[in-house]
file input.json (JSON, C-alpha atoms)
[["chain", "number", "residue", "atom", "x", "y", "z"],
["H", 1, "MET", "CA", 74.04, 208.15, -110.44],
["H", 2, "PHE", "CA", 75.03, 211.52, -109.02],
["H", 3, "GLY", "CA", 73.57, 213.66, -106.28],
["H", 4, "PRO", "CA", 72.83, 213.13, -102.60],
["H", 5, "PHE", "CA", 70.80, 209.91, -103.05],
["H", 6, "ARG", "CA", 73.21, 208.09, -105.33],
["H", 7, "MET", "CA", 73.83, 204.41, -104.90],
["H", 8, "SER", "CA", 76.89, 203.53, -102.90],
["H", 9, "PRO", "CA", 77.87, 200.51, -100.83],
["H", 10, "VAL", "CA", 77.07, 202.43, -97.66],
["H", 11, "ALA", "CA", 73.69, 203.68, -98.88],
["H", 12, "LEU", "CA", 72.73, 200.22, -100.06],
["H", 13, "GLY", "CA", 73.81, 198.11, -97.17],
["H", 14, "GLY", "CA", 74.26, 200.42, -94.23],
["H", 15, "LEU", "CA", 77.34, 199.46, -92.21],
["H", 16, "LEU", "CA", 80.51, 199.11, -94.24],
["H", 17, "TRP", "CA", 83.89, 198.24, -92.78],
["H", 18, "LYS", "CA", 86.71, 199.12, -95.12],
["H", 19, "LYS", "CA", 89.28, 197.35, -92.98],
["H", 20, "PRO", "CA", 88.91, 193.58, -93.03],
["H", 21, "TRP", "CA", 88.53, 192.14, -89.54],
["H", 22, "ARG", "CA", 91.70, 190.05, -89.80],
["H", 23, "LEU", "CA", 95.05, 190.34, -91.51],
["H", 24, "SER", "CA", 95.68, 188.59, -94.81],
["H", 25, "ARG", "CA", 98.45, 186.02, -94.86],
["H", 26, "PHE", "CA", 100.63, 188.42, -96.85],
["H", 27, "GLN", "CA", 100.16, 191.13, -94.24],
["H", 28, "LYS", "CA", 101.04, 188.59, -91.57],
["H", 29, "TYR", "CA", 104.14, 187.58, -93.52],
["H", 30, "ARG", "CA", 105.36, 191.18, -93.83],
["H", 31, "HIS", "CA", 104.54, 191.77, -90.17],
["H", 32, "ARG", "CA", 106.69, 188.77, -89.18],
["H", 33, "LYS", "CA", 109.54, 190.03, -91.38],
["H", 34, "ARG", "CA", 109.41, 193.43, -89.69],
["H", 35, "MET", "CA", 109.43, 191.77, -86.27],
["H", 36, "GLN", "CA", 112.40, 189.64, -87.25],
["H", 37, "LEU", "CA", 114.29, 192.74, -88.36],
["H", 38, "VAL", "CA", 113.68, 194.32, -84.95],
["H", 39, "ASP", "CA", 114.93, 191.10, -83.30],
["H", 40, "SER", "CA", 118.10, 191.17, -85.40],
["H", 41, "ASN", "CA", 118.60, 194.85, -84.51],
["H", 42, "ILE", "CA", 118.40, 194.08, -80.80],
["H", 43, "GLN", "CA", 120.78, 191.16, -81.29],
["H", 44, "ALA", "CA", 123.26, 193.39, -83.14],
["H", 45, "LEU", "CA", 123.15, 196.03, -80.41],
["H", 46, "TYR", "CA", 123.71, 193.36, -77.77],
["H", 47, "ASP", "CA", 126.53, 191.64, -79.67],
["H", 48, "GLY", "CA", 128.29, 194.91, -80.40],
["H", 49, "LEU", "CA", 128.27, 195.93, -76.75],
["H", 50, "GLN", "CA", 129.32, 192.46, -75.60],
["H", 51, "ALA", "CA", 132.23, 192.32, -78.05],
["H", 52, "ASN", "CA", 133.57, 195.56, -76.59],
["H", 53, "GLY", "CA", 133.03, 194.56, -72.97],
["H", 54, "MET", "CA", 130.16, 196.99, -72.44],
["H", 55, "SER", "CA", 126.55, 196.62, -71.46],
["H", 56, "SER", "CA", 123.44, 198.76, -71.46],
["H", 57, "LYS", "CA", 120.52, 198.29, -69.10],
["H", 58, "ARG", "CA", 118.06, 199.04, -71.87],
["H", 59, "VAL", "CA", 119.57, 196.63, -74.37],
["H", 60, "GLU", "CA", 119.84, 193.95, -71.67],
["H", 61, "HIS", "CA", 116.16, 194.44, -70.96],
["H", 62, "LEU", "CA", 115.25, 194.18, -74.63],
["H", 63, "MET", "CA", 117.35, 191.04, -74.92],
["H", 64, "THR", "CA", 115.87, 189.26, -71.89],
["H", 65, "GLU", "CA", 112.36, 190.65, -71.34],
["H", 66, "TYR", "CA", 111.18, 191.75, -74.79],
["H", 67, "PRO", "CA", 109.44, 188.81, -76.53],
["H", 68, "LYS", "CA", 111.06, 187.55, -79.72],
["H", 69, "GLU", "CA", 109.06, 186.92, -82.85],
["H", 70, "SER", "CA", 109.96, 183.22, -82.76],
["H", 71, "GLU", "CA", 108.76, 182.90, -79.15],
["H", 72, "MET", "CA", 105.41, 184.63, -79.58],
["H", 73, "THR", "CA", 102.15, 182.85, -80.15],
["H", 74, "PRO", "CA", 100.15, 183.77, -83.26],
["H", 75, "ARG", "CA", 97.50, 185.27, -80.99],
["H", 76, "ASN", "CA", 100.01, 187.68, -79.51],
["H", 77, "LYS", "CA", 101.61, 188.46, -82.86],
["H", 78, "TYR", "CA", 98.47, 189.37, -84.75],
["H", 79, "THR", "CA", 96.12, 190.71, -82.09],
["H", 80, "VAL", "CA", 96.42, 193.24, -79.29],
["H", 81, "PHE", "CA", 94.56, 193.80, -76.04],
["H", 82, "SER", "CA", 91.62, 196.15, -76.25],
["H", 83, "LYS", "CA", 89.22, 196.74, -73.40],
["H", 84, "TYR", "CA", 86.41, 197.58, -75.82],
["H", 85, "ALA", "CA", 86.76, 194.63, -78.16],
["H", 86, "ARG", "CA", 84.89, 191.36, -77.83],
["H", 87, "LYS", "CA", 86.97, 188.96, -75.77],
["H", 88, "TYR", "CA", 89.34, 191.89, -75.13],
["H", 89, "ARG", "CA", 91.29, 191.30, -78.35],
["H", 90, "LYS", "CA", 91.36, 193.14, -81.65],
["H", 91, "ALA", "CA", 93.44, 192.61, -84.78],
["H", 92, "ILE", "CA", 96.73, 194.45, -84.64],
["H", 93, "HIS", "CA", 96.10, 196.44, -87.83],
["H", 94, "PHE", "CA", 93.43, 198.48, -86.07],
["H", 95, "VAL", "CA", 96.18, 200.17, -84.04],
["H", 96, "PRO", "CA", 97.28, 203.42, -85.75],
["H", 97, "LYS", "CA", 100.88, 203.19, -87.05],
["H", 98, "TRP", "CA", 100.94, 199.51, -86.13],
["H", 99, "THR", "CA", 103.87, 198.75, -88.46],
["H", 100, "LYS", "CA", 106.16, 201.19, -86.65],
["H", 101, "LEU", "CA", 105.26, 200.51, -83.03],
["H", 102, "PRO", "CA", 106.50, 197.98, -80.49],
["H", 103, "LEU", "CA", 103.27, 196.12, -79.71],
["H", 104, "ARG", "CA", 104.69, 192.95, -78.26],
["H", 105, "LYS", "CA", 104.24, 193.30, -74.50],
["H", 106, "GLN", "CA", 101.05, 191.66, -73.28],
["H", 107, "PRO", "CA", 99.12, 192.98, -70.31],
["H", 108, "PRO", "CA", 99.28, 190.64, -67.30],
["H", 109, "ASN", "CA", 96.34, 188.33, -66.57],
["H", 110, "VAL", "CA", 95.02, 188.46, -70.14],
["A", 1, "MET", "CA", 139.24, 188.35, -84.92],
["A", 2, "ALA", "CA", 139.08, 191.97, -83.85],
["A", 3, "SER", "CA", 135.81, 193.01, -82.27],
["A", 4, "PRO", "CA", 133.60, 195.35, -84.32],
["A", 5, "LYS", "CA", 133.93, 198.99, -83.41],
["A", 6, "TYR", "CA", 130.93, 200.60, -85.09],
["A", 7, "PHE", "CA", 127.18, 200.31, -85.36],
["A", 8, "LYS", "CA", 126.19, 200.70, -88.99],
["A", 9, "VAL", "CA", 122.69, 202.17, -88.86],
["A", 10, "THR", "CA", 120.50, 202.44, -91.95],
["A", 11, "GLN", "CA", 117.15, 204.16, -91.78],
["A", 12, "LEU", "CA", 114.48, 202.08, -93.55],
["A", 13, "ARG", "CA", 111.21, 203.65, -92.39],
["A", 14, "SER", "CA", 110.33, 207.29, -92.13],
["A", 15, "ALA", "CA", 109.44, 208.94, -88.83],
["A", 16, "ILE", "CA", 106.50, 210.85, -90.29],
["A", 17, "ALA", "CA", 103.58, 211.02, -87.84],
["A", 18, "LEU", "CA", 105.61, 209.37, -85.08],
["A", 19, "PRO", "CA", 106.24, 210.94, -81.68],
["A", 20, "GLN", "CA", 108.63, 213.89, -81.60],
["A", 21, "LYS", "CA", 111.01, 211.89, -79.43],
["A", 22, "LYS", "CA", 111.58, 209.36, -82.21],
["A", 23, "LYS", "CA", 112.01, 212.09, -84.83],
["A", 24, "ASP", "CA", 114.54, 213.87, -82.64],
["A", 25, "THR", "CA", 116.40, 210.63, -81.96],
["A", 26, "LEU", "CA", 116.76, 209.93, -85.68],
["A", 27, "LEU", "CA", 118.07, 213.45, -86.22],
["A", 28, "ARG", "CA", 120.55, 213.08, -83.34],
["A", 29, "LEU", "CA", 121.76, 209.88, -84.96],
["A", 30, "GLY", "CA", 122.34, 211.91, -88.13],
["A", 31, "LEU", "CA", 119.57, 210.25, -90.11],
["A", 32, "HIS", "CA", 117.50, 212.55, -92.31],
["A", 33, "ARG", "CA", 116.07, 210.25, -94.98],
["A", 34, "ARG", "CA", 115.32, 206.63, -95.73],
["A", 35, "HIS", "CA", 118.18, 204.40, -96.89],
["A", 36, "GLN", "CA", 120.71, 206.79, -95.41],
["A", 37, "THR", "CA", 123.51, 205.04, -93.52],
["A", 38, "VAL", "CA", 125.50, 206.39, -90.59],
["A", 39, "PHE", "CA", 128.21, 204.85, -88.44],
["A", 40, "HIS", "CA", 128.39, 205.24, -84.68],
["A", 41, "ARG", "CA", 131.07, 204.11, -82.34],
["A", 42, "ILE", "CA", 129.84, 201.30, -80.13],
["A", 43, "CYS", "CA", 128.92, 202.59, -76.67],
["A", 44, "PRO", "CA", 125.90, 202.18, -74.37],
["A", 45, "GLN", "CA", 124.64, 205.69, -75.10],
["A", 46, "GLN", "CA", 124.47, 205.13, -78.85],
["A", 47, "ALA", "CA", 122.98, 201.67, -78.31],
["A", 48, "GLY", "CA", 120.19, 203.18, -76.22],
["A", 49, "MET", "CA", 119.44, 205.80, -78.85],
["A", 50, "ILE", "CA", 119.34, 203.21, -81.61],
["A", 51, "ALA", "CA", 117.09, 201.04, -79.44],
["A", 52, "THR", "CA", 114.60, 203.92, -79.29],
["A", 53, "VAL", "CA", 114.14, 203.77, -83.06],
["A", 54, "LYS", "CA", 114.68, 200.04, -83.52],
["A", 55, "GLU", "CA", 111.52, 199.67, -85.63],
["A", 56, "LEU", "CA", 112.71, 202.25, -88.15],
["A", 57, "VAL", "CA", 116.32, 201.26, -88.78],
["A", 58, "LYS", "CA", 118.52, 198.31, -89.60],
["A", 59, "VAL", "CA", 121.54, 197.82, -87.36],
["A", 60, "GLU", "CA", 124.70, 196.00, -88.40],
["A", 61, "LEU", "CA", 128.15, 195.75, -86.89],
["A", 62, "ALA", "CA", 131.11, 197.19, -88.75],
["A", 63, "ASP", "CA", 134.85, 197.13, -88.16],
["A", 64, "GLU", "CA", 135.53, 200.46, -89.79],
["A", 65, "MET", "CA", 133.71, 203.63, -90.64],
["A", 66, "LEU", "CA", 133.08, 204.13, -94.35],
["A", 67, "THR", "CA", 132.52, 207.46, -96.02],
["A", 68, "LYS", "CA", 129.64, 208.07, -98.38],
["A", 69, "ASP", "CA", 131.98, 207.74, -101.38],
["A", 70, "GLU", "CA", 133.42, 204.46, -100.14],
["A", 71, "MET", "CA", 129.95, 202.99, -99.67],
["A", 72, "ARG", "CA", 129.04, 204.13, -103.18],
["A", 73, "GLU", "CA", 132.19, 202.50, -104.50],
["A", 74, "GLN", "CA", 131.17, 199.23, -102.82],
["A", 75, "ARG", "CA", 127.74, 199.31, -104.46],
["A", 76, "LYS", "CA", 129.16, 199.74, -107.95],
["A", 77, "SER", "CA", 128.83, 196.78, -110.28],
["A", 78, "ASP", "CA", 131.76, 195.14, -112.00],
["A", 79, "PRO", "CA", 132.17, 196.86, -115.41],
["A", 80, "GLY", "CA", 133.65, 193.68, -116.95],
["A", 81, "PHE", "CA", 136.86, 195.31, -118.17],
["A", 82, "THR", "CA", 139.91, 197.06, -116.79],
["A", 83, "ILE", "CA", 141.60, 200.07, -118.29],
["A", 84, "GLU", "CA", 145.26, 199.19, -118.77],
["A", 85, "LYS", "CA", 146.30, 202.35, -120.50],
["A", 86, "ALA", "CA", 144.33, 205.49, -121.05],
["A", 87, "VAL", "CA", 145.15, 207.83, -123.91],
["A", 88, "SER", "CA", 145.18, 211.33, -122.50],
["A", 89, "GLY", "CA", 142.06, 213.28, -123.34],
["A", 90, "THR", "CA", 139.85, 210.26, -124.15],
["A", 91, "VAL", "CA", 139.18, 208.86, -120.68],
["A", 92, "SER", "CA", 138.64, 211.12, -117.76],
["A", 93, "THR", "CA", 140.44, 209.74, -114.73],
["A", 94, "SER", "CA", 137.87, 211.05, -112.28],
["A", 95, "ASN", "CA", 135.27, 208.42, -113.26]]
call {"tool": "encode", "arguments": {"input": "input.json", "output": "structure tokens"}}
result
Amino acid sequence: MFGPFRMSPVALGGLLWKKPWRLSRFQKYRHRKRMQLVDSNIQALYDGLQANGMSSKRVEHLMTEYPKESEMTPRNKYTVFSKYARKYRKAIHFVPKWTKLPLRKQPPNV
Amino acid sequence: MASPKYFKVTQLRSAIALPQKKKDTLLRLGLHRRHQTVFHRICPQQAGMIATVKELVKVELADEMLTKDEMREQRKSDPGFTIEKAVSGTVSTSN
């Protein structure tokens, strides 16, 4: 039971991935909620500037170029480009700090 | 209706293990901890700074700037009674 040759999932089966290969539906739900909050933040920044007759290049860019959660395909929401992954896509939760990063822009031609 | 004058920014996520630029931006916005709220006058500079940390905060529009005490007062629940007359020495007026 103890010692260097104890039984463990790794010792028994060899390769063990502790991260599941895809997100659960609850993870996806929370991910969508976080994305929607970011969308509402951008909208608030834009509305606030508009109401006061101001504009910001950066906020304009986020408003027009940055993809919204409602406009994105599930593939783009839950996976990211990876040059090492099969079919060049891996699940988004393999990116470190994925819940706090903007991972919406897709590379061209992919 | 008068246009809103302030961004009400509430930090929801911590900046631990994020790039120094994001940590510094939060500090420059006056945010030190989660669920802290600050008000900033609407201008492109502030909007750009808030956009840098848009994943970590919640942005709302506000007409006026509230102090910490005023926000606390707003969060208070209705006690269900009103004090019409306080006998001196029994009820402290500061509460």
call {"tool": "residues_around", "arguments": {"input": "input.json", "residues": "Val80 (chain H)", "least_positions_apart": "4", "cutoff": "12 Å", "atoms": "all atoms listed in the file", "output": "ChimeraX atom specification"}}
result
/H:22,73-76,84-95,98,102-107,110
call {"tool": "closest_residue", "arguments": {"input": "input.json", "among": "H:Gly14, H:Ser82, H:Ser8, H:Gln36", "to": "Glu55 (chain A)", "atoms": "only C-alpha atoms"}}
result
H:Gln36
call {"tool": "closest_residue", "arguments": {"input": "input.json", "among": "H:Leu101, H:Leu12, H:Met72, H:Met7", "to": "chain A", "atoms": "all atoms listed in the file"}}
result
H:Leu101
call {"tool": "atom_distance", "arguments": {"input": "input.json", "atom1": "CA of Lys22 (chain A)", "atom2": "CA of Arg75 (chain A)"}}
result
29.3 Å
call {"tool": "closest_residue", "arguments": {"input": "input.json", "among": "H:Pro4, H:Pro108, H:Gly48, H:Pro67", "to": "Phe81 (chain H)", "atoms": "all atoms listed in the file"}}
result
H:Pro108
call {"tool": "interface_residues", "arguments": {"input": "input.json", "of": "chain A", "to": "chain H", "cutoff": "12 Å", "atoms": "only C-alpha atoms", "output": "ChimeraX atom specification"}}
result
/A:1-19,22,40-63
call {"tool": "atom_distance", "arguments": {"input": "input.json", "atom1": "CA of Leu31 (chain A)", "atom2": "CA of Arg72 (chain A)"}}
result
17.3 Å
call {"tool": "atom_distance", "arguments": {"input": "input.json", "atom1": "CA of Thr79 (chain H)", "atom2": "CA of Trp21 (chain H)"}}
result
10.7 Å
